[in-house]
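This report concerns only the one structure given below.
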Amino acid sequence: MVSKAVIIMGSERDLDFSREIAKYLKLLGVVYEFRVASAHKTPLVVLEILKEFESEKIIYVTVAGRSNALSAFIDGSTTKPVIAVPPYSEKFGGVDVYSSLRVPSGIGSVVTLEPEGAAIAVAKILALGDVDLLNNIKLYQDSKRQELERANESIKKLR
């Protein structure tokens, strides 16, 4: 069974941000799909999506700003992992992130703010049962270390 991430957006306005997550998922070798559904406006559609993937090995990545009920609603309705990645909002000065952090008891969604971090978290969870994916993560981490080492060598030369 192929493991994958299902990125559920609260609206189509979240597509560009979701594509950033997908870019890193692809880089790490994680299969993904996009969906759009709102916990507030289309809760039955959200439940249909969960039913669609019930028998699959997946992780939900939720992208919803403002009042992010989507992440907690999905988490409370599935046994699959949920990673909330609320996009930053200049309009609200970032305070809308609290709707992702302050959730009811019994909810275990994880929150990260960066698309890259979300993709890495997805990959690490899925890699618990996938040696190839684990190797992809190691290669990615090594490339990040090498970037820093090159930067350090370059900076050391400055006076």
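Letters A, B, ... mark the chains of the structure tokens in the order given; residue numbers begin at 1 per chain; ligand numbers begin at 1, in order shown.
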Just list the residues in chain A DSSP gives helix (DSSP H, G or I) on the backbone, as an NGL selection string. :A and (12-28 or 43-52 or 69-77 or 95-101 or 115-129 or 131-156)
Would you save the residues of that selection, restricted to C-alpha atoms, as a PDB file, in the first residue's frame?
```
ATOM      1  CA  GLU A  12      -9.060  27.573  -2.963  1.00  0.00           C
ATOM      2  CA  ARG A  13      -7.228  30.688  -1.709  1.00  0.00           C
ATOM      3  CA  ASP A  14      -4.942  28.277   0.178  1.00  0.00           C
ATOM      4  CA  LEU A  15      -3.705  26.631  -3.032  1.00  0.00           C
ATOM      5  CA  ASP A  16      -0.451  28.590  -3.448  1.00  0.00           C
ATOM      6  CA  PHE A  17       0.545  27.885   0.153  1.00  0.00           C
ATOM      7  CA  SER A  18      -0.413  24.218  -0.293  1.00  0.00           C
ATOM      8  CA  ARG A  19       1.711  24.017  -3.423  1.00  0.00           C
ATOM      9  CA  GLU A  20       4.704  25.052  -1.307  1.00  0.00           C
ATOM     10  CA  ILE A  21       4.063  22.067   0.965  1.00  0.00           C
ATOM     11  CA  ALA A  22       3.661  19.831  -2.083  1.00  0.00           C
ATOM     12  CA  LYS A  23       6.974  21.067  -3.501  1.00  0.00           C
ATOM     13  CA  TYR A  24       8.808  19.729  -0.443  1.00  0.00           C
ATOM     14  CA  LEU A  25       6.739  16.532  -0.318  1.00  0.00           C
ATOM     15  CA  LYS A  26       7.729  15.838  -3.911  1.00  0.00           C
ATOM     16  CA  LEU A  27      11.375  16.603  -3.132  1.00  0.00           C
ATOM     17  CA  LEU A  28      11.236  14.069  -0.289  1.00  0.00           C
ATOM     18  CA  PRO A  43     -18.505  19.616   7.044  1.00  0.00           C
ATOM     19  CA  LEU A  44     -20.212  16.716   5.269  1.00  0.00           C
ATOM     20  CA  VAL A  45     -17.726  17.012   2.412  1.00  0.00           C
ATOM     21  CA  VAL A  46     -14.884  16.849   4.939  1.00  0.00           C
ATOM     22  CA  LEU A  47     -16.351  13.635   6.331  1.00  0.00           C
ATOM     23  CA  GLU A  48     -16.701  12.212   2.802  1.00  0.00           C
ATOM     24  CA  ILE A  49     -13.020  12.901   2.171  1.00  0.00           C
ATOM     25  CA  LEU A  50     -12.082  11.111   5.392  1.00  0.00           C
ATOM     26  CA  LYS A  51     -14.216   8.144   4.370  1.00  0.00           C
ATOM     27  CA  GLU A  52     -12.544   8.094   0.940  1.00  0.00           C
ATOM     28  CA  ALA A  69     -11.675  24.499  12.766  1.00  0.00           C
ATOM     29  CA  LEU A  70     -10.653  22.232   9.886  1.00  0.00           C
ATOM     30  CA  SER A  71      -7.632  20.720  11.624  1.00  0.00           C
ATOM     31  CA  ALA A  72      -9.366  19.887  14.908  1.00  0.00           C
ATOM     32  CA  PHE A  73     -12.516  18.708  13.121  1.00  0.00           C
ATOM     33  CA  ILE A  74     -10.510  16.303  10.973  1.00  0.00           C
ATOM     34  CA  ASP A  75      -8.388  15.147  13.904  1.00  0.00           C
ATOM     35  CA  GLY A  76     -11.485  14.417  15.974  1.00  0.00           C
ATOM     36  CA  SER A  77     -13.003  12.456  13.089  1.00  0.00           C
ATOM     37  CA  VAL A  95      -2.960  35.846  16.023  1.00  0.00           C
ATOM     38  CA  ASP A  96      -5.243  33.566  14.002  1.00  0.00           C
ATOM     39  CA  VAL A  97      -2.701  30.775  14.656  1.00  0.00           C
ATOM     40  CA  TYR A  98      -4.286  30.388  18.090  1.00  0.00           C
ATOM     41  CA  SER A  99      -7.268  28.662  16.485  1.00  0.00           C
ATOM     42  CA  SER A 100      -4.826  25.905  15.481  1.00  0.00           C
ATOM     43  CA  LEU A 101      -3.084  25.780  18.856  1.00  0.00           C
ATOM     44  CA  PRO A 115       5.533  24.349   4.420  1.00  0.00           C
ATOM     45  CA  GLU A 116       8.962  22.719   4.527  1.00  0.00           C
ATOM     46  CA  GLY A 117       8.505  21.696   8.164  1.00  0.00           C
ATOM     47  CA  ALA A 118       5.104  20.188   7.398  1.00  0.00           C
ATOM     48  CA  ALA A 119       6.546  18.118   4.559  1.00  0.00           C
ATOM     49  CA  ILE A 120       9.428  16.902   6.713  1.00  0.00           C
ATOM     50  CA  ALA A 121       7.026  15.912   9.512  1.00  0.00           C
ATOM     51  CA  VAL A 122       4.854  13.992   7.046  1.00  0.00           C
ATOM     52  CA  ALA A 123       7.885  12.225   5.585  1.00  0.00           C
ATOM     53  CA  LYS A 124       9.288  11.291   8.999  1.00  0.00           C
ATOM     54  CA  ILE A 125       6.006   9.781  10.140  1.00  0.00           C
ATOM     55  CA  LEU A 126       5.558   7.818   6.923  1.00  0.00           C
ATOM     56  CA  ALA A 127       9.218   6.752   7.014  1.00  0.00           C
ATOM     57  CA  LEU A 128       8.512   4.706  10.142  1.00  0.00           C
ATOM     58  CA  GLY A 129       7.421   2.002   7.709  1.00  0.00           C
ATOM     59  CA  VAL A 131      13.093   2.519   4.246  1.00  0.00           C
ATOM     60  CA  ASP A 132      13.284   4.347   0.908  1.00  0.00           C
ATOM     61  CA  LEU A 133      11.561   7.374   2.374  1.00  0.00           C
ATOM     62  CA  LEU A 134      13.867   7.256   5.388  1.00  0.00           C
ATOM     63  CA  ASN A 135      16.831   7.399   3.012  1.00  0.00           C
ATOM     64  CA  ASN A 136      15.280  10.379   1.200  1.00  0.00           C
ATOM     65  CA  ILE A 137      15.006  12.214   4.518  1.00  0.00           C
ATOM     66  CA  LYS A 138      18.622  11.474   5.375  1.00  0.00           C
ATOM     67  CA  LEU A 139      19.750  12.769   1.979  1.00  0.00           C
ATOM     68  CA  TYR A 140      17.659  15.908   2.424  1.00  0.00           C
ATOM     69  CA  GLN A 141      19.064  16.538   5.898  1.00  0.00           C
ATOM     70  CA  ASP A 142      22.592  15.979   4.601  1.00  0.00           C
ATOM     71  CA  SER A 143      22.005  18.527   1.831  1.00  0.00           C
ATOM     72  CA  LYS A 144      20.840  21.084   4.417  1.00  0.00           C
ATOM     73  CA  ARG A 145      23.963  20.442   6.519  1.00  0.00           C
ATOM     74  CA  GLN A 146      26.170  20.850   3.464  1.00  0.00           C
ATOM     75  CA  GLU A 147      24.488  24.178   2.683  1.00  0.00           C
ATOM     76  CA  LEU A 148      25.366  25.404   6.166  1.00  0.00           C
ATOM     77  CA  GLU A 149      28.908  24.127   5.942  1.00  0.00           C
ATOM     78  CA  ARG A 150      29.403  25.952   2.621  1.00  0.00           C
ATOM     79  CA  ALA A 151      27.913  29.114   4.123  1.00  0.00           C
ATOM     80  CA  ASN A 152      30.204  28.832   7.120  1.00  0.00           C
ATOM     81  CA  GLU A 153      33.289  28.485   4.912  1.00  0.00           C
ATOM     82  CA  SER A 154      32.185  31.468   2.848  1.00  0.00           C
ATOM     83  CA  ILE A 155      31.480  33.650   5.889  1.00  0.00           C
ATOM     84  CA  LYS A 156      34.781  32.747   7.560  1.00  0.00           C
TER      85      LYS A 156
END
```
Looking only at strand (DSSP E or B) from DSSP on the backbone, list the matching residues of stretch 66-149 of chain A as a list in words.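 So, restricting stretch 66-149 of chain A to strand (DSSP E or B), we get Val82, Ile83, Ala84, Val110 and Val111 of chain A.
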Ranking A:Thr78, A:Ser105, A:Ser89, A:Thr42 by minimum distance to A:Ile59 and counting only C-alpha atoms, which one comes first?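 Among A:Thr78, A:Ser105, A:Ser89, A:Thr42, it is A:Thr78 that comes nearest to A:Ile59.
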